[in-house]
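J.: There's a structure below that I have some questions on.
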Amino acid sequence: MLVSLQWLKDYTDVNVPIDEFCDRMIMSGSDMETCDEIGTGISGVVVGRIDKIEQHPDANKLVVCQINVGEEEPLQIVTGATNIYEGGYVPVAKHNSHIPGPLHGQPKVEGGVEITKGELRGVVSNGMLCGPQELGYDDKIAPYVSKDGIWMLPGNWDEDLGKDFTEALGLHDYVVDFCITPNRPDCLCMMGMAKEAAAVFEEKMTYPDTECEKTDENASDYISVEVKNDNCKRYTARIIKDVKIEQSPWWLQKRLMAAGMRPINNMVDITNFVMMEYGQPLHAFDIRSIAGSHIVVDMAEDGDKFVTLDGQERDVYADTLMINDAEKPIGIAGIMGGLDSEIVDDTNTVVVESACFDKTCVHRSIKKLGLKTEAAARYERGLDPNLCEAAADRVCKLVEMLGCGKVLNGSVDVYHNPETAPTIKCRVSRVNKILGTEIGRDEMVGYLERLDMKVEAEDDCLLVTPPTVRQDMKEEIDCVEEIARLYGYDNLPMTLPSADTVGTVSKSWELRDMTRSLLCGMGANEIQTYSFSNNKILDGIGIEEDSWERNFVDIINPMGEETSAMRTILTPGMLEVLGRNYARNQESVRAYEIGLTYMKNLVDAQALPVESYNLTIGLYGKEEDFFTLKGMIITLLERLGIEDLEFTAESDYKVYHPGRCARILTKDKNGETVELGIMGEVHPDVAENYGIGIRSYICELFFDLIVELSDKEIQYHQPPKYPSTSRDVAMIVGEELQVGDMEKAIKEAGTEILRGVKLFDVYRGEQVEDGKKSVAFSLTYRHDDKTLTDEEVDQIHSKVVGLLKEKFGAVIRDN
């Protein structure tokens, strides 16, 4: 928000040095970006009047001007400008004058440009006529009639001929650029910043005059308004007749230029001026373009097209609020009017629109249309509907002051649900407790009243009613902030927190960190993949259509089809990483990822999605196989406090090879079997989809369940006093028999003296018939209270062997 100090003083008299002004505004919470001094670097430039223009005798594109600069003899200046005319007032740079520059078509020179007299094609030129750009003004704010040529001043300047241009036009000014936070849309205008300055410097406010003279006609005789959608909170229309389109007076142009806006003509400038003054956007329609003299505010329909003021045809959508007449759209609500309804030179009657539109609706239209204007920037932050009438009245008053139209009585005002401000209960003691101060009640009342708030004080309680324009004032803490910033943030006492805070981490965080250390110790590198997925990705790894993995959380505004939903598993990301590394000739890879997965809440459809951590490990290489990955999983889970693991064969999960896949099971705290995850060799078809030309192995574990079951408490046991003994048993069993089932049966039959079961050989070969395999276990026996005899061990071992024969049909091998 660009704030001109000259303009600010129209509303409040702040007479302090610019440095003090900036410092105190910053300390009151107004974030300042820059402060620029206007009107510097100009000397020797005066106000002149063009009395005569003649064609240059030797150049078709040059003219010779006789300029009256208040001296006995006119000043002769040669120029190529095409927008000048006799009787026009211009800035004249005399001999040995200085201007900021740059000269037209030349780069800017540090220290400015010196202008001296000279000859152009044989004709003496005693200086130069200047454009606004050459006097330090940006191209985008140069007055429309002067933007590509000489600065043609509006009005009559005969009394100032020959005077210093900077002094005559009052150019010297400071423009402060304030960064307005999203919660303070009321400060996106001069009135808002004037209220802030008045409160900070304890000055009074002067409000603009909005009273117009009465006429014999009423606005309602010319226009009617119908609001069909709640996204329009208020719509006010006023009528101006006998409009005269011309340049605005200099005082108005100067303020617009300081605010970063280009002066166009008096009607457009007045609406822009009031928008910058009140923060309420306005729009002027030529009434001839409004069919049926009837305005309808309603949503557009999909497929509609509309040509905006900038001449572009735009597609509008069903959620775009439009301003229509009885037949067609004439404006996009809160953003831009239509080309067919703009003010032109022969416009006679104008409809002034002052409306309040829903900020969410406007913001959505800005994003979809890719169109943002000064008006839209204010609407999307949220405006006070109670500003509409005052802003429309201010436009009419300025029209009356400038004599550029006749204002009709009254307005057409549609305001179904008038907005009122909340009354906030604020405790004096609470304010002081939060701020660490001892501010008195009356002093707090004074701060709040300086901000235009009504306050009723009784004992420790303040009942605060802010103006409706302060839409950020809702709770007691908002009052605390207002009091703090006027008291002065730099005056608040500095104290250290009295509470002792001990930083801790959650169990999940601790185990995730531990997992990273363990897997890095096993030679695995951590990866991080995108959290996005889609149905096609799961198709590529063979996930069934009705599987839980397809319970996606869809993204409302995806970047593309491939990232249209949140992932439910980590496996596709790991496969992509393995495939990318294989394509880059990496001979072996070990990688892991701990990441969040997302699924819809199946219990409550309105609830937030369920987020949970998963762990995936992937590897390939000449030395890697199924048992390498299994060993990593067992080591990891045992270190995390989960020991009773069971691996059961799985042949229906199509991500993995049907004969080399296992589900990982354990017991929960209630003794029930739960699944921790799945592991196996990647199915050849899936590997081919990801360009992996070597056997690869992946697992995916439910890490949140691991956290829940993890028990890292270390239990110390006395070292055994008595020796252990071992027995080996080798047997021939059917190929289909799972080793895990045999191991489980051995443990159940071995009583308490069986202390260990270890598989050490699985053999298939010439000495074993087809459909069979040889399996060998080593069994360790030990008693805590005595040394076992061979007879005692043989008795238990025989029981184990007998169970294997009976339950599995095992044939015991003698050698």
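Numbering starts fresh at 1 for the residues of each chain in the structure tokens, the chains themselves are lettered A, B, ... in the order given, and ligands are numbered from 1 as they appear.
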Would you pick out the contacts of Val243 in chain A at 10 Å or less, using only C-alpha atoms, so that residues sharing its chain but fewer than 3 positions from it are not included, and give the list as a list in words?

T.: Ile240, Glu246, Asn266, Met267, Asp345, Asp346, Thr347, Asn348, Thr349, Val350, Val399, Gly403, Cys404, Gly405, Lys406 and Val407 of chain A

J.: Next, dump the selected residues to file, keeping only N, CA and C atoms, as an mmCIF file, in the first residue's frame.

T.:
data_model
loop_
_atom_site.group_PDB
_atom_site.id
_atom_site.type_symbol
_atom_site.label_atom_id
_atom_site.label_comp_id
_atom_site.auth_asym_id
_atom_site.auth_seq_id
_atom_site.Cartn_x
_atom_site.Cartn_y
_atom_site.Cartn_z
ATOM 1 N N ILE A 240 -25.480 9.377 -12.116
ATOM 2 C CA ILE A 240 -24.929 10.699 -12.435
ATOM 3 C C ILE A 240 -25.303 11.036 -13.874
ATOM 4 N N GLU A 246 -13.373 14.559 -19.206
ATOM 5 C CA GLU A 246 -12.208 15.398 -19.446
ATOM 6 C C GLU A 246 -11.100 14.982 -18.476
ATOM 7 N N ASN A 266 -11.711 12.042 -15.815
ATOM 8 C CA ASN A 266 -12.273 12.417 -14.519
ATOM 9 C C ASN A 266 -13.154 11.332 -13.900
ATOM 10 N N MET A 267 -14.008 10.640 -14.685
ATOM 11 C CA MET A 267 -14.896 9.642 -14.099
ATOM 12 C C MET A 267 -14.122 8.424 -13.604
ATOM 13 N N ASP A 345 -16.041 8.838 -24.482
ATOM 14 C CA ASP A 345 -16.060 10.303 -24.529
ATOM 15 C C ASP A 345 -17.466 10.889 -24.596
ATOM 16 N N ASP A 346 -18.411 10.176 -25.224
ATOM 17 C CA ASP A 346 -19.762 10.743 -25.353
ATOM 18 C C ASP A 346 -20.735 10.188 -24.311
ATOM 19 N N THR A 347 -20.209 9.528 -23.259
ATOM 20 C CA THR A 347 -21.072 9.035 -22.201
ATOM 21 C C THR A 347 -21.784 10.208 -21.527
ATOM 22 N N ASN A 348 -23.087 10.067 -21.319
ATOM 23 C CA ASN A 348 -23.880 11.140 -20.718
ATOM 24 C C ASN A 348 -24.393 10.795 -19.326
ATOM 25 N N THR A 349 -24.804 9.519 -19.127
ATOM 26 C CA THR A 349 -25.354 9.094 -17.840
ATOM 27 C C THR A 349 -24.598 7.866 -17.359
ATOM 28 N N VAL A 350 -24.197 7.921 -16.105
ATOM 29 C CA VAL A 350 -23.338 6.875 -15.537
ATOM 30 C C VAL A 350 -24.028 6.237 -14.335
ATOM 31 N N VAL A 399 -17.804 14.239 -7.996
ATOM 32 C CA VAL A 399 -18.369 14.635 -9.296
ATOM 33 C C VAL A 399 -18.954 16.034 -9.194
ATOM 34 N N GLY A 403 -17.573 19.477 -11.002
ATOM 35 C CA GLY A 403 -18.505 20.008 -11.994
ATOM 36 C C GLY A 403 -18.585 19.176 -13.255
ATOM 37 N N CYS A 404 -18.439 17.868 -13.108
ATOM 38 C CA CYS A 404 -18.433 17.019 -14.299
ATOM 39 C C CYS A 404 -19.683 16.162 -14.410
ATOM 40 N N GLY A 405 -20.760 16.531 -13.680
ATOM 41 C CA GLY A 405 -21.991 15.774 -13.788
ATOM 42 C C GLY A 405 -23.010 16.240 -12.779
ATOM 43 N N LYS A 406 -24.242 15.758 -12.944
ATOM 44 C CA LYS A 406 -25.357 16.086 -12.045
ATOM 45 C C LYS A 406 -25.740 14.819 -11.286
ATOM 46 N N VAL A 407 -25.665 14.877 -9.967
ATOM 47 C CA VAL A 407 -25.929 13.720 -9.118
ATOM 48 C C VAL A 407 -27.409 13.656 -8.763
#

J.: Write out as a PyMOL selection string the set of residues from range 369-466 of chain A that DSSP, computed on the backbone, places in strand (DSSP E).

T.: chain A and resi 406-407+412-414+424-427+454-458+461-465

J.: For Lys712 in chain A, find every residue with an atom within 10 Å (counting only C-alpha atoms), except residues of its own chain fewer than 2 positions away, and show them as a VMD selection string.

T.: chain A and resid 511 638 to 642 709 to 710 714 to 715

J.: Which residues come within 12 Å of Asp794 in chain A, counting only C-alpha atoms, excluding same-chain residues fewer than 4 positions away, as a PyMOL selection string?

T.: chain A and resi 725-728+750+753-754+779+781+788-790+798-802

J.: Closest to Ile633 in chain A among A:Met522, A:Val610, A:Glu72, A:Gly573, using only C-alpha atoms?

T.: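 The shortest atom-to-atom distance to Ile633 in chain A comes from A:Met522.
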
J.: Just how far from CA of Val14 in chain A is CA of Phe201 in chain A, in Å to one decimal?

T.: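 According to the coordinates, CA of Phe201 in chain A and CA of Val14 in chain A are separated by 7.0 Å.
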
J.: Excluding Glu217 in chain A and any residue of its chain fewer than 3 positions from it, enumerate the residues within 10 Å of it, using only C-alpha atoms, and give them as a PyMOL selection string.

T.: chain A and resi 214+220-222+239+407-410

J.: From the options A:Ile53, A:Asp785, A:Leu804, A:His95, which residue's atoms come nearest to Lys721 in chain A, counting only C-alpha atoms?

T.: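 Ranked by minimum distance to Lys721 in chain A, first place goes to A:Asp785.
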